[in-house]
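The next block holds one structure in the form of structure tokens; read it before the comments.
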Amino acid sequence: MTTTPAAAETAEVGETDPTQPAPSDGARAGSGGEPVGTAPSEAPEEAPDGGVPDHAASGDSRDGEVPKGGVSGGEATEGPRDGGDGASDDADDDADDADDTPGTPPEVIPDQAPGRAPDTSDGDDSEVTAVIRLPARPISPPTVDAPEAEDASGSEIDTTTEMRLPSAPLRPTPKPTEPKPEEPEPTEAEPAGPVTAEGGTPERRPRERAVTTSSPLPGTSETASEATAPADRREPQSAPRSPGKAAPAAARPSRMTSVMQSAAVWLPPLLTVEGLIMYVLALRVTPGPLRGVDVTKIDALGLISAMPLTAFAAILLMLVAFFVTIAQNTDRKFLLLFQIAAITFALHGASALISDEARFPTAYVHAGFVEYINRTGESSAILDARLAWPGFFALVAFVTKAAGVTDLATIMRWTPLLSNLLYLLPFVLILRQVVATTRARWFAALLFVIVQWIGQDYFSSQGFTYAIYLAFVAIVLRWFGKVEPRDKPMPAKGRVRRLLARLDGLTPGELPHSTGAYDRVIMLIVLIGLFGTATASHQITPFMMLGALTGLLLLRRTSLSWALPFFLGLIVLSWISYQTVTFWSGHIDQLFGGLGRILQNLQSNTGDRIDGSDPRHALVLMARLGICGVILALAAIGLLRRVRRGVGDRAALLLLCIPVLALGLQNYGGEIGLRIYLFALPGACILAAYAFFPNLPAGTEDAPEETVPIRRRNIRFNPELTRRISLLLAAGCAMALAMVFLVARYGNEQFERVSASEVAAMHYIYDHDEPSARVLFLSPVLGPEVTPIIPWGERDFDKISYEQVLVAPDPTELTTVIDKLRASPPNTYLVATRAQAGYLQLNHGYPDDWAPRFRVALDASKELKRVFNGEDAAVYTLKSFPEGTEIPERGVPLGGSDPTSPWTPVGLAALGVTWIALFVYEVFRLGGRESGRRARRRILFVAVPAFVLALAVIAERFIVIGYQLQ
């Protein structure tokens, strides 16, 4: 009998529940013989009595009965009851398809991990019985020409057959005189495909018991054709031995053979360690052929122009080791975490290996906030608006003071790497809550590392609160996750209503979890604490957290109630109203002026950043947009492939879409687009991983087996082959993105890298800032939102003021510089650095030799004197200031009370009552007791009026304080 490779696969669109165990043969045949359910591509074993053993697969059913209760952990899923919509699928959509020629019985392709031996512990027989599951086809009514179909139509068609495959050489019988009975030769089934009846009319015949061939189980020496042949035609495995003669000892494999057979275990960690060592040496050693980084060779493309080839080879080697590990499709958690951590170290720790100073000038002013809080014991939004959200800076100040740390240089240097390693922990926990294969989960984690070029992981409150955001989402999905399959009937009319009902009936892409009431109350307190910390530390992160929680409630993916979003929303509104008055009083237009200006905010984050850039540096900006476009395109493909498999990933789609709403708030200094990309990454990476690995796990969530979609039409590829192709495509995509990441992340090294001489120049000013000082930094235009490209504000933030000085493209033109110094008091310094010149060249078209010529012009000026000289920085001041001018005392008011309104005391009392009432309501609801319903209603009678009053007082404060002081 001739068979062709095919796949026992699940339908593309249907009501598949990944938490249900795999149905048995009886449950797989629906009405008319349609295939129903999910079939793992590995055939389970059959017990000696003909039943399915308990150890065959987790959650399998017996006697055709499907258990109703869901099994947590991503067990085998129940497929569509109507066979899905595979007939309408695009032939090129899924690479997981196999050829299925009509009229030929399909073959079950095993998905067993290499080297897994069958379990033969239940008996002494050396043979193992494997149950081959064949999907049934619709059975047409009996015809005159097919009388046998009339007999079979009234009974259930058995779609399984036994095939005895020996796992070891057959042993002779104890009595050699008695001949071994021959096994009956299996009857080849008539093809179940369409046949032509008399008159040329095609018709279908019922499927009888069929024998299909398959590759032998691991450890067997027979082919499938030999295993299914009759006993008298089999070739003898070994010569029979006499009863009194001992069996010869099996040849023991050599040590080299054993080592090579276990290469899948030791090779990936060895390659990872080798690549890590190779990468460190490539960046840290003295520059030379194929080694070291010469920072003077960094051009408009950034760090990638100065990195040696050995560094790229090391990154590729670690990526190869990672894909060798996930190719085994086993959840080796610690090894995979180590490999991703090594790749994170290579991609996000490059600047720390190359330079001894912290990257990114803004990190130094954040260190200055910490120093100011440690020195004065308070924060003042008058000095900087960011001190109106001092949570992160106060926390670091407390920890460093308790630990006796006075210099934050080392902490700032390694913060980008440590931040990304910290982000991995909650993101991996999020990945554990989705129904996906091992490959999909860990590939999503890898994507999260290699597309995070945004650069917000430096020493900042944004980087700190991003970790809080991920932890918040992970806790909501893990301890408060909920899955509600649709139980409503399909609407009879309305195309849109039926489409929505069909989408609502998709198999949930998240795993449900049942936890005790006590644990949930504890985690509720943790959620509130995380949200409060984020509210006190950053302006945007609380709104992202609140949006994620609200979206999960709307999509019915959390067991929390609507009381919590109102509780948390009142926290963020009250903080803005009562704690940031210094920031928003008199600046209401700045706070709410960007509402609804979506196109303007988008333009300030994309087009304005590319216009006017150096042509080579524009490639860096295009690489960033390219990564964004690729990851979004992969996310769309992954979402489509999962929907065609009947899976609805609501949580991942929500995490991708919710941050986009921030585009309608404000431009956030031209950086709102960067924040949207940052917060959309978790959902985008999960869906992008599904573009390559969309299948569901068969069995437990960590099982190596996968389900593959059933097709009702011809399919062209072997599923095992397409899985390998998908793996190769994913590896190629990851390697390409990793190389582009180096351009996108480190493309601004000419002005984002901080050298030791630039830090030393600022330290000279800190040593001469009594009682106050003023620093002039170079700027091509004068504006309110120009950030100094110098390591500013690390110390004495309250003593030194920073002002812009306009410089012309002609480096010899110093009129504006000298006039600014003359108009300034003594202790005014002009700082000229390499980073500032690089910024002017790349973003504003200044000449390439502008920096050395500007330094020469300053040195040649008769009115200026150089007080500090370094390789990359110099400090200048006037030789003599006008007579009678004195160094001013620092005149920044530190004390004073914030303005208030008449209803403020009433609003504070209403806030307290509302928070207490809503928290008690949520605790009662999490308890789940029926007796608490009446108590919850009474609590709402108190909470609702108090909430309305508190909200009214907040609005009153914005109106009274904001516009009266404007």
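Chain labels follow the order of the structure tokens: the first chain is A, the next B, and so on; residue numbering restarts at 1 in every chain, and ligands are counted from 1 in their shown order.
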Exercise. Report as number ranges by chain: the residues of segment 332-482 of chain A with a DSSP assignment of alpha helix (DSSP H), based on the backbone of this structure.
Key: A: 333-348, 350-354, 362-376, 391-403, 409-431, 438-450, 461-479
Pick from A:Pro694, A:Pro771, A:Pro899, A:Gly747 nearest to Ser351 of chain A, counting only C-alpha atoms: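 Smallest separation from Ser351 of chain A among the options: A:Gly747.
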Atom CA of Pro784 of chain A to atom CA of Phe360 of chain A measures 20.2 Å
Selection: 7 Å around Trp479 of chain A, only C-alpha atoms, excl. self and same-chain fewer than 6 positions, as a CSV table (one decimal) with N, CA and C atoms, in the first residue's frame:
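part.csv, freshly written:
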```csv
chain,number,residue,atom,x,y,z
A,513,HIS,N,-5.8,30.7,35.7
A,513,HIS,CA,-5.2,30.3,36.9
A,513,HIS,C,-6.1,30.4,38.1
A,515,THR,N,-6.2,30.8,42.1
A,515,THR,CA,-5.4,31.0,43.3
A,515,THR,C,-6.4,31.3,44.4
A,520,ARG,N,-4.7,36.3,46.5
A,520,ARG,CA,-5.1,37.4,45.7
A,520,ARG,C,-5.2,38.7,46.4
```
Between A:Ala311, A:Ala689, A:Ala761, A:Val942, which is the closest to Val867 of chain A once you count only C-alpha atoms?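 Of the candidates, the smallest distance to Val867 of chain A is held by A:Ala761.
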Min atom-atom distance to Pro508 of chain A from the set A:Pro416, A:Gly646, A:Gly404, A:Gly928, counting only C-alpha atoms, belongs to A:Gly646
Nearest to Ala684 of chain A, restricted to only C-alpha atoms and choosing among A:Ile525, A:Ala534, A:Leu283, A:Ala635, comes out as A:Ala635
Open item on the list: Please list as JSON, numbers by chain every residue within 8 Å of Ala688 of chain A, counting only C-alpha atoms and excluding residues in the same chain fewer than 6 positions away.
Closed with: {"A": [444, 631, 632, 633, 634, 635, 636, 637, 638, 639]}
Write out as an NGL selection string which residues come within 9 Å of Leu549 of chain A when counting only C-alpha atoms, dropping same-chain ones fewer than 6 positions away.
:A and (473 or 476 or 558 or 560 or 564-565)
So that I can see what lies close to segment 330-344 of chain A, please list as a compact mmCIF listing (two decimals) with C-alpha atoms, in the first residue's frame the residues with an atom at most 8 Å from it, counting only C-alpha atoms and leaving out residues fewer than 3 positions away in the same chain.
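Once written, result02.txt looks like this:
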```txt
# COMPACT_ATOMS: atom_id res chain seq x y z
CA PRO A 269 26.09 26.17 26.55
CA THR A 272 27.29 30.49 24.38
CA LEU A 276 30.57 35.56 25.36
CA ILE A 315 26.99 37.72 18.54
CA MET A 318 25.50 33.10 20.62
CA LEU A 319 22.40 33.38 18.45
CA ALA A 321 23.60 28.45 20.20
CA PHE A 322 20.20 29.81 21.21
CA THR A 325 18.62 24.91 21.99
CA ILE A 326 15.09 25.80 20.96
CA LEU A 347 23.80 43.95 22.73
CA HIS A 348 23.05 46.24 25.66
CA GLY A 349 26.39 46.15 27.46
CA LEU A 417 22.44 46.28 30.96
CA ASN A 420 17.26 45.00 30.36
CA LEU A 421 18.07 41.94 32.45
CA THR A 438 8.32 26.51 23.90
CA TRP A 442 11.56 31.93 24.06
CA ALA A 445 11.83 36.80 24.74
CA LEU A 446 14.74 37.02 22.29
CA VAL A 449 15.90 41.95 23.69
CA ILE A 450 17.04 42.62 20.13
CA ASP A 702 6.15 22.37 28.26
CA ALA A 703 5.59 19.31 26.05
CA PRO A 704 7.77 19.12 22.93
```
Using only C-alpha atoms, which residues sit within 6 Å of segment 947-953 of chain A once same-chain residues fewer than 5 positions away are excluded, as a list in words? Gly907, Ala910, Leu911 and Thr914 of chain A
*Distance criterion (only C-alpha atoms): nearest to His617 of chain A out of A:Leu778, A:Ile382, A:Val743, A:Ile522*: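 Closest to His617 of chain A of all the choices is A:Val743.
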Nearest to Ser574 of chain A: which of A:Phe868, A:Thr535, A:Ala517, A:Pro268 is it, counting only C-alpha atoms?
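Looking at the shortest contact to Ser574 of chain A, the residue is A:Thr535.
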